Amino acid sequence: MRIGTTAPEFELADHSGERRALTELTAAGPVVLFFYPAANSPICTAQACHFRDLGTEFERLGAQRIGISTDTRDRNQHFALQRAFDFPLLSDSDGAVAEQFGVRRGGWLTRKRRLRELERGHSTAARRGLVRQLLSVKRTTFVIDRHRVVRMVVRSERGHVHATKALDYLRYLS
């Protein structure tokens with residue numbers, strides 16, 4: 001996903017079970033959508049907590065923060081409650097949205113194996129080990145405007161830079 005392209009529409013359940021669609025989210029203003037590999041891992045926790053701690057700044061600029069991972073809804077719910085997040089964490093347990101945004105890890109062999117598992121009725125997310133889970137998505141943040149156009153992309157494994165860079169960009173626009 002590159003700057004200037006239209007973000008794909010999706011609908012996923014958040015940590016409380018509410019269905020969230022990108023079109024509905026962007027109708028209220030810009031969305032800062034950040035992908036994180038695994039709830040409660042040290043870097044992901046730091047990344048999400050930094051978004052939480054800068055919440056007032058994002059709100060002042062009219063932007064919503066949305067986290068998304070391949071974790072289950074239950075795991076995201078535990079993570080959100082444990083860390084008192086004031087923004088939704090979406091569950092993309094099959095990695096389809098991560099794939100659409102170009103942040104899913106794994107080459108064609110990994111994808112082919114996942115398709116075979118799905119065809120056989122195996123739950124990929126439930127059987128995934130820690131290493132595979134940590135490598136499920138590339139840590140990436142997208143700033144998306146009201147028209148679903150991607151305006152900024154942050155690609156870094158350093159979790160603490162995502163919120164700061166997104167916020168700096170939104171300040172620049174205002």
# chains A, B, ... in the order shown; residues from 1 in each chain; ligands from 1
$ residues_around --residues "Gly62 in chain A" --least-positions-apart "4" --cutoff "12 Å" --atoms "only C-alpha atoms" --output "list in words"
Leu25, Thr26, Ala27, Ala28, Gly29, Pro30, Val31, Val32, Gly55, Thr56, Glu57, Phe58, Asp145, Arg146, Leu167, Leu170, Arg171, Leu173 and Ser174 of chain A
$ atom_distance --atom1 "CA of Val97 in chain A" --atom2 "CA of Asp168 in chain A"
25.9 Å
$ closest_residue --among "A:Glu99, A:Asp71, A:Glu59, A:Asp53" --to "Phe10 in chain A" --atoms "only C-alpha atoms"
A:Glu99
$ atom_distance --atom1 "CA of His15 in chain A" --atom2 "CA of Phe51 in chain A"
16.4 Å
$ residues_around --residues "range 44-49 of chain A" --least-positions-apart "5" --cutoff "8 Å" --atoms "only C-alpha atoms" --output "PDB file with N, CA, C and O atoms, in the first residue's frame"
ATOM      1  N   TYR A  36       0.151  -4.297  14.301  1.00  0.00           N
ATOM      2  CA  TYR A  36       1.146  -4.779  15.261  1.00  0.00           C
ATOM      3  C   TYR A  36       1.125  -6.306  15.232  1.00  0.00           C
ATOM      4  O   TYR A  36       0.066  -6.920  15.088  1.00  0.00           O
ATOM      5  N   PRO A  37       2.301  -6.949  15.367  1.00  0.00           N
ATOM      6  CA  PRO A  37       2.373  -8.401  15.223  1.00  0.00           C
ATOM      7  C   PRO A  37       1.702  -9.217  16.326  1.00  0.00           C
ATOM      8  O   PRO A  37       1.045 -10.204  16.029  1.00  0.00           O
ATOM      9  N   ALA A  38       1.865  -8.835  17.601  1.00  0.00           N
ATOM     10  CA  ALA A  38       1.352  -9.704  18.666  1.00  0.00           C
ATOM     11  C   ALA A  38       1.068  -8.924  19.939  1.00  0.00           C
ATOM     12  O   ALA A  38       1.951  -8.254  20.480  1.00  0.00           O
ATOM     13  N   ALA A  39      -0.162  -9.047  20.427  1.00  0.00           N
ATOM     14  CA  ALA A  39      -0.552  -8.403  21.680  1.00  0.00           C
ATOM     15  C   ALA A  39       0.341  -8.891  22.817  1.00  0.00           C
ATOM     16  O   ALA A  39       0.703 -10.063  22.873  1.00  0.00           O
ATOM     17  N   GLY A  67      -5.936  -0.022  16.200  1.00  0.00           N
ATOM     18  CA  GLY A  67      -4.912  -1.061  16.143  1.00  0.00           C
ATOM     19  C   GLY A  67      -5.471  -2.290  15.453  1.00  0.00           C
ATOM     20  O   GLY A  67      -6.667  -2.583  15.555  1.00  0.00           O
ATOM     21  N   ARG A  83      -4.173  -2.899  29.448  1.00  0.00           N
ATOM     22  CA  ARG A  83      -3.429  -1.657  29.204  1.00  0.00           C
ATOM     23  C   ARG A  83      -4.323  -0.417  29.132  1.00  0.00           C
ATOM     24  O   ARG A  83      -3.837   0.667  28.849  1.00  0.00           O
ATOM     25  N   PHE A  85      -6.609   0.645  26.955  1.00  0.00           N
ATOM     26  CA  PHE A  85      -6.623   1.337  25.670  1.00  0.00           C
ATOM     27  C   PHE A  85      -7.978   1.980  25.442  1.00  0.00           C
ATOM     28  O   PHE A  85      -9.020   1.385  25.729  1.00  0.00           O
ATOM     29  N   GLY A 159       8.791   0.349  17.614  1.00  0.00           N
ATOM     30  CA  GLY A 159       7.393   0.634  17.913  1.00  0.00           C
ATOM     31  C   GLY A 159       7.094   2.048  18.347  1.00  0.00           C
ATOM     32  O   GLY A 159       6.027   2.582  18.061  1.00  0.00           O
ATOM     33  N   HIS A 160       8.025   2.705  19.026  1.00  0.00           N
ATOM     34  CA  HIS A 160       7.745   4.030  19.587  1.00  0.00           C
ATOM     35  C   HIS A 160       7.716   5.141  18.546  1.00  0.00           C
ATOM     36  O   HIS A 160       7.282   6.251  18.850  1.00  0.00           O
ATOM     37  N   VAL A 161       8.152   4.892  17.312  1.00  0.00           N
ATOM     38  CA  VAL A 161       8.178   5.965  16.310  1.00  0.00           C
ATOM     39  C   VAL A 161       6.853   6.130  15.574  1.00  0.00           C
ATOM     40  O   VAL A 161       6.587   7.193  15.013  1.00  0.00           O
ATOM     41  N   HIS A 162       6.006   5.126  15.586  1.00  0.00           N
ATOM     42  CA  HIS A 162       4.787   5.151  14.775  1.00  0.00           C
ATOM     43  C   HIS A 162       3.822   6.264  15.176  1.00  0.00           C
ATOM     44  O   HIS A 162       3.373   7.034  14.329  1.00  0.00           O
ATOM     45  N   ALA A 163       3.483   6.350  16.436  1.00  0.00           N
ATOM     46  CA  ALA A 163       2.532   7.368  16.895  1.00  0.00           C
ATOM     47  C   ALA A 163       3.106   8.768  16.705  1.00  0.00           C
ATOM     48  O   ALA A 163       2.399   9.681  16.267  1.00  0.00           O
TER      49      ALA A 163
END
$ closest_residue --among "A:Glu24, A:Glu18, A:Glu157, A:Glu11" --to "Asp92 in chain A" --atoms "only C-alpha atoms"
A:Glu11
$ select_by_dssp --residues "range 10-160 of chain A" --states "alpha helix (DSSP H)" --output "ChimeraX atom specification"
/A:22-27,42-53,55-60,73-83,96-101,108-119,124-127,130-134
$ atom_distance --atom1 "CA of Leu22 in chain A" --atom2 "CA of Ile68 in chain A"
11.9 Å
$ closest_residue --among "A:Ser156, A:Thr6, A:Ser91, A:Ala63" --to "Ile43 in chain A" --atoms "only C-alpha atoms"
A:Ser156
$ closest_residue --among "A:Thr5, A:Ser93, A:Ser41, A:Gln82" --to "Thr70 in chain A" --atoms "only C-alpha atoms"
A:Ser93
$ closest_residue --among "A:Gly102, A:Gly95, A:Pro88, A:Pro42" --to "Ala21 in chain A" --atoms "only C-alpha atoms"
A:Pro88
$ closest_residue --among "A:Leu61, A:Leu89, A:Ala96, A:Ala80" --to "Glu9 in chain A" --atoms "only C-alpha atoms"
A:Ala96
